[in-house]
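Contents: one structure, followed by commentary.
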Amino acid sequence: MKIKGKNTGSEQFVIVTGENVFTELDKFLRDFNIHPVRTFILVDENTRHHCLPVLLSRSEFLKNSEIIEIPSGEKNKSIGTAIQLWNALMTRHADRHSLLINLGGGVISDLGGFIASTFQRGIPYINLPTTLMGQVDAAIGGKTGLNFSDIKNQIGTFYNPKAVFVHTGFLKTLHKGQIANGFAEVIKYALIEDAILWKKLENLRRNDRFFKIPSNDLSWEELVDRSINIKYDIIEKDFHEQNLRKLLNFGHTFGHALEALSMKNPDHGLDHGHAIAMGIILESYLSFKKAGLTHEDLTSIVTFILSNYEYFPIEDSSSGNLIEFMAHDKKNRDQKICFTLLQRPGKAIIDQWCDNEMIHYALKYYHQLENQTELHENSYRKKG
Ligand SMILES: NC(=O)c1ccc[n+]([C@@H]2O[C@H](COP(=O)([O-])OP(=O)(O)OC[C@H]3O[C@@H](n4cnc5c(N)ncnc54)[C@H](O)[C@@H]3O)[C@@H](O)[C@H]2O)c1
């Protein structure tokens with residue numbers, strides 16, 4: 001698949017997936033006249049080990065690149081690491097024509113994109129995402145950033161890469177938890193835009209093959225292509241998140257609040273994708289109460305999520321904190337907590353205001369699910 005788009009300026013950018021991705025990468029570098037300009041590849045220790053050898057063995061143009069490594073992990077998406085990276089580029093005499101290649105998951109593409117957008121007022125960069133989260137979400141859409149003062153993505157820019165090259169072969173070395181993490185975004189895409197993909201995901205569950213792709217009717221390529229297409233179509237119409245881009249927020253209002261709440265207690269840390277999966281349950285309930293989602297669809301979504309993700313208990317006493325977090329969401333309007341909700345699988349609507357009473361009902365519904373053990377017997381954590 002090849003998508004050609006325009007940046008907010010007039011420059012072109014491309015997203016390429018599929019078997020010929022490395023050939024396309026080299027072609028792109030040649031046509032783009034970037035070679036022999038200096039290239040820097042940003043990695044962490046895991047992508048240096050698993051992905052860099054693949055890239056260097058398959059790309060002619062990147063063989064002489066300089067490698068910059070940072071330690072893996074969300075805690076390194078920080079201003080401290082950004083300072084190290086600015087220094088690393090300066091001491092290596094990078095200039096405005098240098099090209100930064102982000103080879104890694106969402107941490108690498110968020111941070112690398114931020115560095116590219118700020119170094120000497122902006123240098124070109126390319127994303128080569130290596131996690132499912134990176135491939136279906138973080139590498140696409142031009143949101144860059146870092147965490148600051150314990151708040152996720154508090155500092156950042158909108159700055160599109162020149163290109164994104166997606167090699168699903170990189171997913172082979174991810175462990176199941178990392179696949180589950182990105183899969184929550186795939187579930188979201190299916191629910192907001194693609195009823196056919198949702199049916200295929202449901203079939204995986206019925207056959208107990210949730211993370212076991214390829215299956216008879218779904219490959220990694222199809223899953224990643226479909227997700228990228230959905231995200232791309234939305235952001236093309238609304239790069240700066242004035243309206244339509246809020247569709248992508250389904251599951252994220254509760255999800256981000258749960259993630260933030262769990263960060264306060266390091267013993268109960270919640271991965272981003274796991275938080276979004278729980279957010280999808282809560283926001284599907286709101287969709288049932290407010291947006292016309294049928295009870296049957298609600299049950300089907302909840303069963304799907306809890307068959308594959310461990311239920312995350314929310315203490316009664318945390319409700320106030322959760323609402324507080326949600327009240328500070330950047331996407332609210334007129335100080336009202338706004339959600340993206342489902343009318344049915346494949347069709348979502350934005351700017352749905354829910355009052356605190358409704359939010360408490362959703363939490364009450366969620367609490368009741370904890371005891372319905374038949375729903376979560378198969379979650380991936382329990383299978384190990
Ligand atoms: N900008 C956006 O639009 C956007 C969207 C979604 C998420 N994000 C951000 O993305 C980040 C999460 O991304 P993530 O889930 O990719 O996490 P991550 O980047 O931390 O990667 C997860 C782990 O997988 C390792 N890894 C990466 N590729 C690998 C491979 N092929 N084989 C083996 N190990 C590999 C990494 O070293 C890391 O330890 C968060 O900071 C989140 O805020 C940004």
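Convention: chains lettered A, B, ... in structure tokens order; per-chain residue numbering from 1; ligands numbered from 1 as shown.
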Mind checking DSSP for stretch 78-129 of chain A and telling me the helix (DSSP H, G or I) residues as number ranges by chain? A: 79-91, 106-121
Selection within 8 Å of ligand 1 by only C-alpha atoms and all ligand atoms, output as a PDB file with N, CA and C atoms, in the first residue's frame:
```pdb
ATOM      1  N   ASP A  44      16.463   2.287  20.317  1.00  0.00           N
ATOM      2  CA  ASP A  44      16.735   1.943  21.716  1.00  0.00           C
ATOM      3  C   ASP A  44      17.446   0.591  21.698  1.00  0.00           C
ATOM      4  N   GLU A  45      17.783   0.048  22.865  1.00  0.00           N
ATOM      5  CA  GLU A  45      18.621  -1.173  22.862  1.00  0.00           C
ATOM      6  C   GLU A  45      17.879  -2.348  22.202  1.00  0.00           C
ATOM      7  N   ASN A  46      16.548  -2.360  22.295  1.00  0.00           N
ATOM      8  CA  ASN A  46      15.805  -3.483  21.705  1.00  0.00           C
ATOM      9  C   ASN A  46      15.705  -3.369  20.184  1.00  0.00           C
ATOM     10  N   THR A  47      15.466  -2.159  19.710  1.00  0.00           N
ATOM     11  CA  THR A  47      15.362  -2.034  18.253  1.00  0.00           C
ATOM     12  C   THR A  47      16.752  -2.088  17.611  1.00  0.00           C
ATOM     13  N   HIS A  50      17.061  -6.009  17.530  1.00  0.00           N
ATOM     14  CA  HIS A  50      16.137  -6.782  16.687  1.00  0.00           C
ATOM     15  C   HIS A  50      15.911  -6.192  15.294  1.00  0.00           C
ATOM     16  N   CYS A  51      15.944  -4.875  15.187  1.00  0.00           N
ATOM     17  CA  CYS A  51      15.468  -4.257  13.940  1.00  0.00           C
ATOM     18  C   CYS A  51      16.569  -3.613  13.104  1.00  0.00           C
ATOM     19  N   PRO A  71      17.971   4.679  26.022  1.00  0.00           N
ATOM     20  CA  PRO A  71      17.402   3.513  26.700  1.00  0.00           C
ATOM     21  C   PRO A  71      15.908   3.406  26.417  1.00  0.00           C
ATOM     22  N   SER A  72      15.387   2.177  26.348  1.00  0.00           N
ATOM     23  CA  SER A  72      13.962   1.988  26.059  1.00  0.00           C
ATOM     24  C   SER A  72      13.119   2.406  27.264  1.00  0.00           C
ATOM     25  N   GLY A  73      11.838   2.620  27.019  1.00  0.00           N
ATOM     26  CA  GLY A  73      10.899   2.838  28.123  1.00  0.00           C
ATOM     27  C   GLY A  73      10.295   4.231  28.138  1.00  0.00           C
ATOM     28  N   GLU A  74       9.038   4.248  28.588  1.00  0.00           N
ATOM     29  CA  GLU A  74       8.255   5.492  28.622  1.00  0.00           C
ATOM     30  C   GLU A  74       8.941   6.578  29.455  1.00  0.00           C
ATOM     31  N   LYS A  77      10.896   9.141  27.662  1.00  0.00           N
ATOM     32  CA  LYS A  77      10.264  10.135  26.772  1.00  0.00           C
ATOM     33  C   LYS A  77      10.215  11.444  27.561  1.00  0.00           C
ATOM     34  N   GLY A 104      11.759   2.458  15.836  1.00  0.00           N
ATOM     35  CA  GLY A 104      11.318   1.989  17.152  1.00  0.00           C
ATOM     36  C   GLY A 104       9.828   2.119  17.333  1.00  0.00           C
ATOM     37  N   GLY A 105       9.407   1.950  18.585  1.00  0.00           N
ATOM     38  CA  GLY A 105       7.991   2.054  18.921  1.00  0.00           C
ATOM     39  C   GLY A 105       7.583   3.510  19.104  1.00  0.00           C
ATOM     40  N   GLY A 106       6.455   3.687  19.784  1.00  0.00           N
ATOM     41  CA  GLY A 106       5.894   5.026  19.941  1.00  0.00           C
ATOM     42  C   GLY A 106       6.792   5.973  20.718  1.00  0.00           C
ATOM     43  N   VAL A 107       7.590   5.442  21.641  1.00  0.00           N
ATOM     44  CA  VAL A 107       8.479   6.319  22.404  1.00  0.00           C
ATOM     45  C   VAL A 107       9.510   6.935  21.462  1.00  0.00           C
ATOM     46  N   ILE A 108      10.089   6.100  20.604  1.00  0.00           N
ATOM     47  CA  ILE A 108      11.106   6.591  19.662  1.00  0.00           C
ATOM     48  C   ILE A 108      10.485   7.567  18.652  1.00  0.00           C
ATOM     49  N   SER A 109       9.298   7.230  18.111  1.00  0.00           N
ATOM     50  CA  SER A 109       8.747   8.135  17.083  1.00  0.00           C
ATOM     51  C   SER A 109       8.233   9.433  17.703  1.00  0.00           C
ATOM     52  N   ASP A 110       7.679   9.375  18.921  1.00  0.00           N
ATOM     53  CA  ASP A 110       7.224  10.620  19.569  1.00  0.00           C
ATOM     54  C   ASP A 110       8.404  11.529  19.885  1.00  0.00           C
ATOM     55  N   PRO A 129       8.293   2.432  12.113  1.00  0.00           N
ATOM     56  CA  PRO A 129       7.752   1.907  13.365  1.00  0.00           C
ATOM     57  C   PRO A 129       7.974   0.400  13.515  1.00  0.00           C
ATOM     58  N   THR A 130       8.302  -0.031  14.731  1.00  0.00           N
ATOM     59  CA  THR A 130       8.646  -1.439  14.946  1.00  0.00           C
ATOM     60  C   THR A 130       7.720  -2.150  15.923  1.00  0.00           C
ATOM     61  N   THR A 131       6.766  -1.406  16.533  1.00  0.00           N
ATOM     62  CA  THR A 131       5.765  -2.063  17.387  1.00  0.00           C
ATOM     63  C   THR A 131       4.406  -1.947  16.700  1.00  0.00           C
ATOM     64  N   LEU A 132       3.453  -2.760  17.171  1.00  0.00           N
ATOM     65  CA  LEU A 132       2.106  -2.646  16.588  1.00  0.00           C
ATOM     66  C   LEU A 132       1.537  -1.261  16.897  1.00  0.00           C
ATOM     67  N   MET A 133       1.768  -0.787  18.125  1.00  0.00           N
ATOM     68  CA  MET A 133       1.293   0.558  18.499  1.00  0.00           C
ATOM     69  C   MET A 133       1.884   1.615  17.567  1.00  0.00           C
ATOM     70  N   GLY A 134       3.167   1.463  17.273  1.00  0.00           N
ATOM     71  CA  GLY A 134       3.822   2.415  16.380  1.00  0.00           C
ATOM     72  C   GLY A 134       3.250   2.328  14.976  1.00  0.00           C
ATOM     73  N   ASP A 137      -0.554   3.437  14.862  1.00  0.00           N
ATOM     74  CA  ASP A 137      -0.971   4.683  15.505  1.00  0.00           C
ATOM     75  C   ASP A 137       0.145   5.716  15.642  1.00  0.00           C
ATOM     76  N   ALA A 138       1.127   5.443  16.509  1.00  0.00           N
ATOM     77  CA  ALA A 138       2.040   6.516  16.926  1.00  0.00           C
ATOM     78  C   ALA A 138       2.840   7.132  15.775  1.00  0.00           C
ATOM     79  N   ALA A 139       3.216   6.310  14.788  1.00  0.00           N
ATOM     80  CA  ALA A 139       4.082   6.825  13.717  1.00  0.00           C
ATOM     81  C   ALA A 139       3.322   7.640  12.681  1.00  0.00           C
ATOM     82  N   ILE A 140       1.992   7.544  12.728  1.00  0.00           N
ATOM     83  CA  ILE A 140       1.148   8.184  11.708  1.00  0.00           C
ATOM     84  C   ILE A 140       0.461   9.395  12.325  1.00  0.00           C
ATOM     85  N   GLY A 141       0.507  10.520  11.665  1.00  0.00           N
ATOM     86  CA  GLY A 141      -0.348  11.610  12.124  1.00  0.00           C
ATOM     87  C   GLY A 141       0.376  12.837  12.615  1.00  0.00           C
ATOM     88  N   GLY A 142       1.705  12.761  12.768  1.00  0.00           N
ATOM     89  CA  GLY A 142       2.476  13.973  13.032  1.00  0.00           C
ATOM     90  C   GLY A 142       2.384  14.548  14.430  1.00  0.00           C
ATOM     91  N   LYS A 143       1.838  13.786  15.398  1.00  0.00           N
ATOM     92  CA  LYS A 143       1.870  14.292  16.778  1.00  0.00           C
ATOM     93  C   LYS A 143       3.179  13.839  17.401  1.00  0.00           C
ATOM     94  N   THR A 144       3.981  14.790  17.878  1.00  0.00           N
ATOM     95  CA  THR A 144       5.248  14.429  18.514  1.00  0.00           C
ATOM     96  C   THR A 144       5.200  14.908  19.966  1.00  0.00           C
ATOM     97  N   GLY A 145       6.104  14.405  20.804  1.00  0.00           N
ATOM     98  CA  GLY A 145       6.066  14.964  22.142  1.00  0.00           C
ATOM     99  C   GLY A 145       6.819  14.182  23.185  1.00  0.00           C
ATOM    100  N   LEU A 146       6.762  14.746  24.386  1.00  0.00           N
ATOM    101  CA  LEU A 146       7.372  14.081  25.535  1.00  0.00           C
ATOM    102  C   LEU A 146       6.517  14.348  26.775  1.00  0.00           C
ATOM    103  N   LYS A 152       1.490  13.027  30.669  1.00  0.00           N
ATOM    104  CA  LYS A 152       1.866  12.441  29.378  1.00  0.00           C
ATOM    105  C   LYS A 152       1.694  13.453  28.248  1.00  0.00           C
ATOM    106  N   ASN A 153       2.661  13.465  27.350  1.00  0.00           N
ATOM    107  CA  ASN A 153       2.587  14.265  26.124  1.00  0.00           C
ATOM    108  C   ASN A 153       2.279  15.739  26.381  1.00  0.00           C
ATOM    109  N   PHE A 170       8.792  -6.708  11.509  1.00  0.00           N
ATOM    110  CA  PHE A 170       9.369  -6.293  12.804  1.00  0.00           C
ATOM    111  C   PHE A 170       8.524  -6.789  13.986  1.00  0.00           C
ATOM    112  N   LEU A 171       7.245  -7.060  13.723  1.00  0.00           N
ATOM    113  CA  LEU A 171       6.358  -7.429  14.843  1.00  0.00           C
ATOM    114  C   LEU A 171       6.700  -8.800  15.431  1.00  0.00           C
ATOM    115  N   LYS A 172       7.454  -9.600  14.668  1.00  0.00           N
ATOM    116  CA  LYS A 172       7.716 -10.986  15.100  1.00  0.00           C
ATOM    117  C   LYS A 172       8.437 -11.069  16.442  1.00  0.00           C
ATOM    118  N   THR A 173       9.257 -10.073  16.762  1.00  0.00           N
ATOM    119  CA  THR A 173      10.035 -10.172  18.002  1.00  0.00           C
ATOM    120  C   THR A 173       9.364  -9.475  19.191  1.00  0.00           C
ATOM    121  N   LEU A 174       8.142  -8.995  18.982  1.00  0.00           N
ATOM    122  CA  LEU A 174       7.422  -8.376  20.103  1.00  0.00           C
ATOM    123  C   LEU A 174       6.819  -9.450  20.983  1.00  0.00           C
ATOM    124  N   HIS A 175       6.763  -9.202  22.308  1.00  0.00           N
ATOM    125  CA  HIS A 175       6.067 -10.197  23.128  1.00  0.00           C
ATOM    126  C   HIS A 175       4.571  -9.883  23.161  1.00  0.00           C
ATOM    127  N   GLN A 178       3.058  -6.594  24.294  1.00  0.00           N
ATOM    128  CA  GLN A 178       3.231  -5.453  23.386  1.00  0.00           C
ATOM    129  C   GLN A 178       2.250  -5.534  22.216  1.00  0.00           C
ATOM    130  N   ASN A 181      -1.029  -4.441  23.533  1.00  0.00           N
ATOM    131  CA  ASN A 181      -1.003  -2.987  23.686  1.00  0.00           C
ATOM    132  C   ASN A 181      -1.458  -2.286  22.397  1.00  0.00           C
ATOM    133  N   GLY A 182      -0.873  -2.663  21.272  1.00  0.00           N
ATOM    134  CA  GLY A 182      -1.256  -2.034  20.005  1.00  0.00           C
ATOM    135  C   GLY A 182      -2.626  -2.483  19.530  1.00  0.00           C
ATOM    136  N   HIS A 272      -0.579   1.531  28.198  1.00  0.00           N
ATOM    137  CA  HIS A 272      -1.488   2.418  27.463  1.00  0.00           C
ATOM    138  C   HIS A 272      -2.630   1.609  26.819  1.00  0.00           C
ATOM    139  N   GLY A 273      -2.266   0.544  26.094  1.00  0.00           N
ATOM    140  CA  GLY A 273      -3.285  -0.225  25.373  1.00  0.00           C
ATOM    141  C   GLY A 273      -4.280  -0.899  26.311  1.00  0.00           C
TER     142      GLY A 273
END
```
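The coordinates place atom CA of A:Ser98 at 5.8 Å from atom CA of A:Thr39.
Counting only C-alpha atoms and comparing A:His328, A:Arg205, A:His93, A:Lys188, the residue that lies closest to A:Ser227 is A:Lys188.
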Just want the 9 Å neighbourhood of A:Ser78, counted on only C-alpha atoms, with same-chain residues fewer than 3 positions away dropped. Output as a ChimeraX atom specification. /A:74-75,81-83,111,145-148
Go ahead and dump the residues you just picked, N, CA and C atoms, as a tab-separated table (two decimals), in the first residue's frame.
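Saved as selection31.tsv:
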```tsv
chain	number	residue	atom	x	y	z
A	74	GLU	N	9.04	4.25	28.59
A	74	GLU	CA	8.25	5.49	28.62
A	74	GLU	C	8.94	6.58	29.45
A	75	LYS	N	9.67	6.16	30.50
A	75	LYS	CA	10.25	7.19	31.37
A	75	LYS	C	11.35	7.98	30.64
A	81	THR	N	16.10	13.30	28.19
A	81	THR	CA	16.56	12.56	27.00
A	81	THR	C	16.57	13.48	25.78
A	82	ALA	N	15.60	14.39	25.71
A	82	ALA	CA	15.58	15.33	24.58
A	82	ALA	C	16.86	16.16	24.57
A	83	ILE	N	17.29	16.61	25.74
A	83	ILE	CA	18.53	17.41	25.82
A	83	ILE	C	19.72	16.57	25.33
A	111	LEU	N	9.42	10.93	20.49
A	111	LEU	CA	10.58	11.72	20.91
A	111	LEU	C	11.41	12.16	19.70
A	145	GLY	N	6.10	14.40	20.80
A	145	GLY	CA	6.07	14.96	22.14
A	145	GLY	C	6.82	14.18	23.18
A	146	LEU	N	6.76	14.75	24.39
A	146	LEU	CA	7.37	14.08	25.54
A	146	LEU	C	6.52	14.35	26.78
A	147	ASN	N	6.78	13.54	27.80
A	147	ASN	CA	6.05	13.69	29.06
A	147	ASN	C	6.76	14.74	29.90
A	148	PHE	N	5.99	15.48	30.64
A	148	PHE	CA	6.59	16.56	31.43
A	148	PHE	C	5.79	16.75	32.71
```
Nearest residue to A:Ala291 out of A:Ala277, A:Ile305, A:Ile350, A:Ile235, using only C-alpha atoms? A:Ile350
Write out as a Markdown table the residues of stretch 332-354 of chain A that have any atom within 9 Å of an atom of stretch 280-289 of chain A, one row each with the nearest atom pair and its distance in Å to one decimal, counting only C-alpha atoms, sorted by chain and then rising number.
```
| residue | atom | partner | partner_atom | distance |
| --- | --- | --- | --- | --- |
| A:Phe339 | CA | A:Glu283 | CA | 7.7 |
| A:Thr340 | CA | A:Glu283 | CA | 8.0 |
| A:Leu341 | CA | A:Ser287 | CA | 5.0 |
| A:Leu342 | CA | A:Ser287 | CA | 5.3 |
| A:Gln343 | CA | A:Ser287 | CA | 6.6 |
| A:Arg344 | CA | A:Ser287 | CA | 8.5 |
| A:Cys354 | CA | A:Leu286 | CA | 8.0 |
```
Which one of A:Val37, A:Val16, A:Ile228, A:Leu204 sits closest to A:Ser307 if you count only C-alpha atoms?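 Smallest distance to A:Ser307 is found for A:Leu204.
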Residue among A:Tyr311, A:Lys264, A:Phe211, A:Gln242 lying closest to A:Ile276, counting only C-alpha atoms: A:Tyr311
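Compared by their closest atoms to A:Ile101, and using only C-alpha atoms, the residues A:Asn127, A:Thr294, A:Gln120, A:Asn249 rank with A:Asn127 nearest.
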When you look at A:Leu62 with a cut-off of 10 Å (counting only C-alpha atoms), what residues show up, excluding the ones that are within fewer than 3 positions of it in the same chain? I need them as JSON, numbers by chain. {"A": [25, 26, 29, 35, 36, 38, 39, 40, 41, 55, 56, 57, 58, 59, 65, 66, 101]}
Would you write out those residues with all heavy atoms, as a short mmCIF file (atom, residue, chain, number, x, y, z; two decimals), in the first residue's frame?
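What follows is the written file out_17.cif:
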```cif
data_model
loop_
_atom_site.label_atom_id
_atom_site.label_comp_id
_atom_site.auth_asym_id
_atom_site.auth_seq_id
_atom_site.Cartn_x
_atom_site.Cartn_y
_atom_site.Cartn_z
N LEU A 25 11.87 2.36 0.32
CA LEU A 25 12.61 3.28 1.18
C LEU A 25 13.84 3.81 0.43
O LEU A 25 14.08 5.02 0.38
CB LEU A 25 13.04 2.56 2.47
CG LEU A 25 14.04 3.29 3.37
CD1 LEU A 25 13.45 4.58 3.95
CD2 LEU A 25 14.49 2.39 4.53
N ASP A 26 14.57 2.91 -0.18
CA ASP A 26 15.76 3.34 -0.92
C ASP A 26 15.39 4.24 -2.09
O ASP A 26 16.06 5.24 -2.36
CB ASP A 26 16.55 2.11 -1.42
CG ASP A 26 17.54 1.63 -0.36
OD1 ASP A 26 17.59 2.26 0.73
OD2 ASP A 26 18.24 0.64 -0.59
N LEU A 29 14.61 7.63 -0.75
CA LEU A 29 15.80 8.39 -0.35
C LEU A 29 16.52 8.94 -1.59
O LEU A 29 17.00 10.06 -1.60
CB LEU A 29 16.75 7.52 0.48
CG LEU A 29 16.22 7.12 1.87
CD1 LEU A 29 17.15 6.11 2.53
CD2 LEU A 29 16.04 8.33 2.76
N HIS A 35 20.12 11.57 -0.13
CA HIS A 35 21.46 11.02 -0.22
C HIS A 35 22.33 11.96 -1.04
O HIS A 35 21.87 12.46 -2.06
CB HIS A 35 21.38 9.64 -0.90
CG HIS A 35 22.66 8.90 -0.87
ND1 HIS A 35 23.13 8.31 0.27
CD2 HIS A 35 23.57 8.67 -1.83
CE1 HIS A 35 24.28 7.72 -0.01
NE2 HIS A 35 24.56 7.93 -1.27
N PRO A 36 23.56 12.29 -0.71
CA PRO A 36 24.34 11.75 0.38
C PRO A 36 24.28 12.58 1.68
O PRO A 36 25.24 12.57 2.45
CB PRO A 36 25.75 11.76 -0.20
CG PRO A 36 25.77 12.98 -1.05
CD PRO A 36 24.36 13.19 -1.55
N ARG A 38 23.62 13.59 5.44
CA ARG A 38 23.89 12.67 6.55
C ARG A 38 22.61 12.17 7.20
O ARG A 38 21.65 12.91 7.38
CB ARG A 38 24.77 13.37 7.56
CG ARG A 38 26.10 13.69 6.85
CD ARG A 38 27.07 14.39 7.73
NE ARG A 38 27.27 13.69 8.97
CZ ARG A 38 27.43 14.35 10.12
NH1 ARG A 38 27.36 15.65 10.16
NH2 ARG A 38 27.65 13.67 11.22
N THR A 39 22.62 10.90 7.49
CA THR A 39 21.43 10.30 8.12
C THR A 39 21.79 9.80 9.52
O THR A 39 22.85 9.23 9.74
CB THR A 39 20.88 9.13 7.29
OG1 THR A 39 21.94 8.26 6.97
CG2 THR A 39 20.22 9.61 6.02
N PHE A 40 20.86 10.00 10.45
CA PHE A 40 21.02 9.56 11.84
C PHE A 40 19.86 8.61 12.14
O PHE A 40 18.71 8.94 11.85
CB PHE A 40 20.96 10.75 12.78
CG PHE A 40 22.10 11.72 12.58
CD1 PHE A 40 22.00 12.74 11.63
CD2 PHE A 40 23.28 11.60 13.30
CE1 PHE A 40 23.04 13.62 11.41
CE2 PHE A 40 24.33 12.49 13.09
CZ PHE A 40 24.22 13.49 12.15
N ILE A 41 20.18 7.45 12.69
CA ILE A 41 19.11 6.49 13.02
C ILE A 41 18.97 6.44 14.54
O ILE A 41 19.94 6.13 15.25
CB ILE A 41 19.41 5.09 12.47
CG1 ILE A 41 19.67 5.14 10.96
CG2 ILE A 41 18.24 4.14 12.78
CD1 ILE A 41 19.95 3.78 10.32
N LEU A 55 17.27 -3.59 8.96
CA LEU A 55 17.24 -2.36 8.16
C LEU A 55 18.56 -2.18 7.39
O LEU A 55 18.54 -1.91 6.18
CB LEU A 55 16.99 -1.17 9.10
CG LEU A 55 17.03 0.21 8.45
CD1 LEU A 55 15.93 0.36 7.40
CD2 LEU A 55 16.89 1.31 9.50
N LEU A 56 19.67 -2.35 8.10
CA LEU A 56 20.96 -2.09 7.44
C LEU A 56 21.28 -3.12 6.37
O LEU A 56 21.97 -2.83 5.39
CB LEU A 56 22.10 -2.02 8.48
CG LEU A 56 21.99 -0.86 9.47
CD1 LEU A 56 23.17 -0.83 10.42
CD2 LEU A 56 21.85 0.49 8.76
N SER A 57 20.75 -4.35 6.57
CA SER A 57 21.03 -5.36 5.55
C SER A 57 20.13 -5.18 4.32
O SER A 57 20.44 -5.68 3.25
CB SER A 57 20.85 -6.77 6.12
OG SER A 57 19.47 -6.99 6.34
N ARG A 58 19.04 -4.42 4.48
CA ARG A 58 18.12 -4.32 3.34
C ARG A 58 18.07 -2.95 2.69
O ARG A 58 17.44 -2.78 1.66
CB ARG A 58 16.72 -4.78 3.79
CG ARG A 58 16.83 -6.23 4.25
CD ARG A 58 15.58 -6.96 4.45
NE ARG A 58 14.62 -6.97 3.39
CZ ARG A 58 13.43 -7.51 3.53
NH1 ARG A 58 13.11 -8.10 4.67
NH2 ARG A 58 12.58 -7.49 2.54
N SER A 59 18.73 -1.96 3.30
CA SER A 59 18.74 -0.65 2.67
C SER A 59 20.16 -0.28 2.25
O SER A 59 21.07 -0.21 3.08
CB SER A 59 18.21 0.41 3.64
OG SER A 59 18.54 1.69 3.17
N SER A 65 24.91 5.36 7.95
CA SER A 65 24.23 6.24 8.91
C SER A 65 24.93 6.21 10.25
O SER A 65 25.58 5.23 10.61
CB SER A 65 22.80 5.75 9.14
OG SER A 65 22.12 5.69 7.93
N GLU A 66 24.72 7.28 11.01
CA GLU A 66 25.22 7.28 12.40
C GLU A 66 24.07 6.85 13.30
O GLU A 66 22.93 7.25 13.11
CB GLU A 66 25.69 8.68 12.77
CG GLU A 66 26.92 9.06 11.95
CD GLU A 66 27.49 10.40 12.38
OE1 GLU A 66 27.68 10.59 13.59
OE2 GLU A 66 27.72 11.21 11.48
N ILE A 101 16.09 9.24 11.28
CA ILE A 101 15.23 8.07 11.04
C ILE A 101 14.88 7.47 12.39
O ILE A 101 15.77 7.07 13.16
CB ILE A 101 15.99 7.01 10.21
CG1 ILE A 101 16.60 7.69 8.99
CG2 ILE A 101 15.11 5.81 9.91
CD1 ILE A 101 16.33 7.10 7.69
#
```
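Of all the residues in stretch 153-228 of chain A, the ones DSSP labels as strand (DSSP E) from the backbone are Asn153, Gln154, Ile155, Gly156, Thr157, Phe158, Ala163, Val164, Phe165 and Val166 of chain A.
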Saved selection, atoms kept: C-alpha atoms, as a compact mmCIF listing (two decimals), in the first residue's frame:
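Contents of again_36.txt, freshly written:
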```
# COMPACT_ATOMS: atom_id res chain seq x y z
CA ASN A 153 2.59 14.27 26.12
CA GLN A 154 2.44 17.62 27.88
CA ILE A 155 5.09 19.14 25.60
CA GLY A 156 4.95 18.53 21.88
CA THR A 157 4.39 19.67 18.33
CA PHE A 158 2.40 18.77 15.23
CA ALA A 163 7.59 9.39 5.10
CA VAL A 164 6.57 6.35 7.11
CA PHE A 165 7.75 2.89 6.05
CA VAL A 166 5.98 0.00 7.74
```
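What separates atom CA of A:Ile196 from atom CA of A:Ala348 is a distance of 14.7 Å.
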Using only C-alpha atoms, which of the listed residues (A:Leu85, A:Ala195, A:Val136, A:Leu369) sits closest to A:Ile314?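 Ranking A:Leu85, A:Ala195, A:Val136, A:Leu369 by distance to A:Ile314, first place goes to A:Leu369.
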Please provide the set of residues having any atom within 9 Å of A:Ile323, restricted to only C-alpha atoms, with same-chain residues fewer than 5 positions apart removed, written as a list in words. Phe254, Ala257, Ser318, His328, Ile337, Asn356 and Ile359 of chain A
Residues near A:Lys2, cut-off 7 Å, only C-alpha atoms, skip fewer than 5 positions along chain, as a list in words: Val14, Ile15, Val16 and Thr17 of chain A
Would you mind exporting all heavy atoms of the selected residues as a PDB file, in the first residue's frame?
```pdb
ATOM      1  N   VAL A  14       4.761  10.406   2.283  1.00  0.00           N
ATOM      2  CA  VAL A  14       4.205   9.112   1.880  1.00  0.00           C
ATOM      3  C   VAL A  14       4.171   8.145   3.054  1.00  0.00           C
ATOM      4  O   VAL A  14       4.971   8.248   3.989  1.00  0.00           O
ATOM      5  CB  VAL A  14       5.016   8.429   0.744  1.00  0.00           C
ATOM      6  CG1 VAL A  14       4.825   9.121  -0.563  1.00  0.00           C
ATOM      7  CG2 VAL A  14       6.475   8.303   1.085  1.00  0.00           C
ATOM      8  N   ILE A  15       3.229   7.218   2.971  1.00  0.00           N
ATOM      9  CA  ILE A  15       3.195   6.089   3.902  1.00  0.00           C
ATOM     10  C   ILE A  15       3.257   4.838   3.041  1.00  0.00           C
ATOM     11  O   ILE A  15       2.444   4.681   2.119  1.00  0.00           O
ATOM     12  CB  ILE A  15       1.897   6.075   4.735  1.00  0.00           C
ATOM     13  CG1 ILE A  15       1.706   7.395   5.487  1.00  0.00           C
ATOM     14  CG2 ILE A  15       1.909   4.895   5.719  1.00  0.00           C
ATOM     15  CD1 ILE A  15       0.350   7.535   6.164  1.00  0.00           C
ATOM     16  N   VAL A  16       4.231   3.987   3.308  1.00  0.00           N
ATOM     17  CA  VAL A  16       4.394   2.794   2.486  1.00  0.00           C
ATOM     18  C   VAL A  16       4.357   1.557   3.376  1.00  0.00           C
ATOM     19  O   VAL A  16       5.002   1.519   4.425  1.00  0.00           O
ATOM     20  CB  VAL A  16       5.747   2.825   1.724  1.00  0.00           C
ATOM     21  CG1 VAL A  16       5.896   1.584   0.856  1.00  0.00           C
ATOM     22  CG2 VAL A  16       5.867   4.074   0.890  1.00  0.00           C
ATOM     23  N   THR A  17       3.573   0.563   2.961  1.00  0.00           N
ATOM     24  CA  THR A  17       3.566  -0.721   3.664  1.00  0.00           C
ATOM     25  C   THR A  17       3.758  -1.818   2.613  1.00  0.00           C
ATOM     26  O   THR A  17       3.741  -1.543   1.420  1.00  0.00           O
ATOM     27  CB  THR A  17       2.219  -0.970   4.379  1.00  0.00           C
ATOM     28  OG1 THR A  17       1.200  -1.100   3.381  1.00  0.00           O
ATOM     29  CG2 THR A  17       1.849   0.161   5.310  1.00  0.00           C
TER      30      THR A  17
END
```
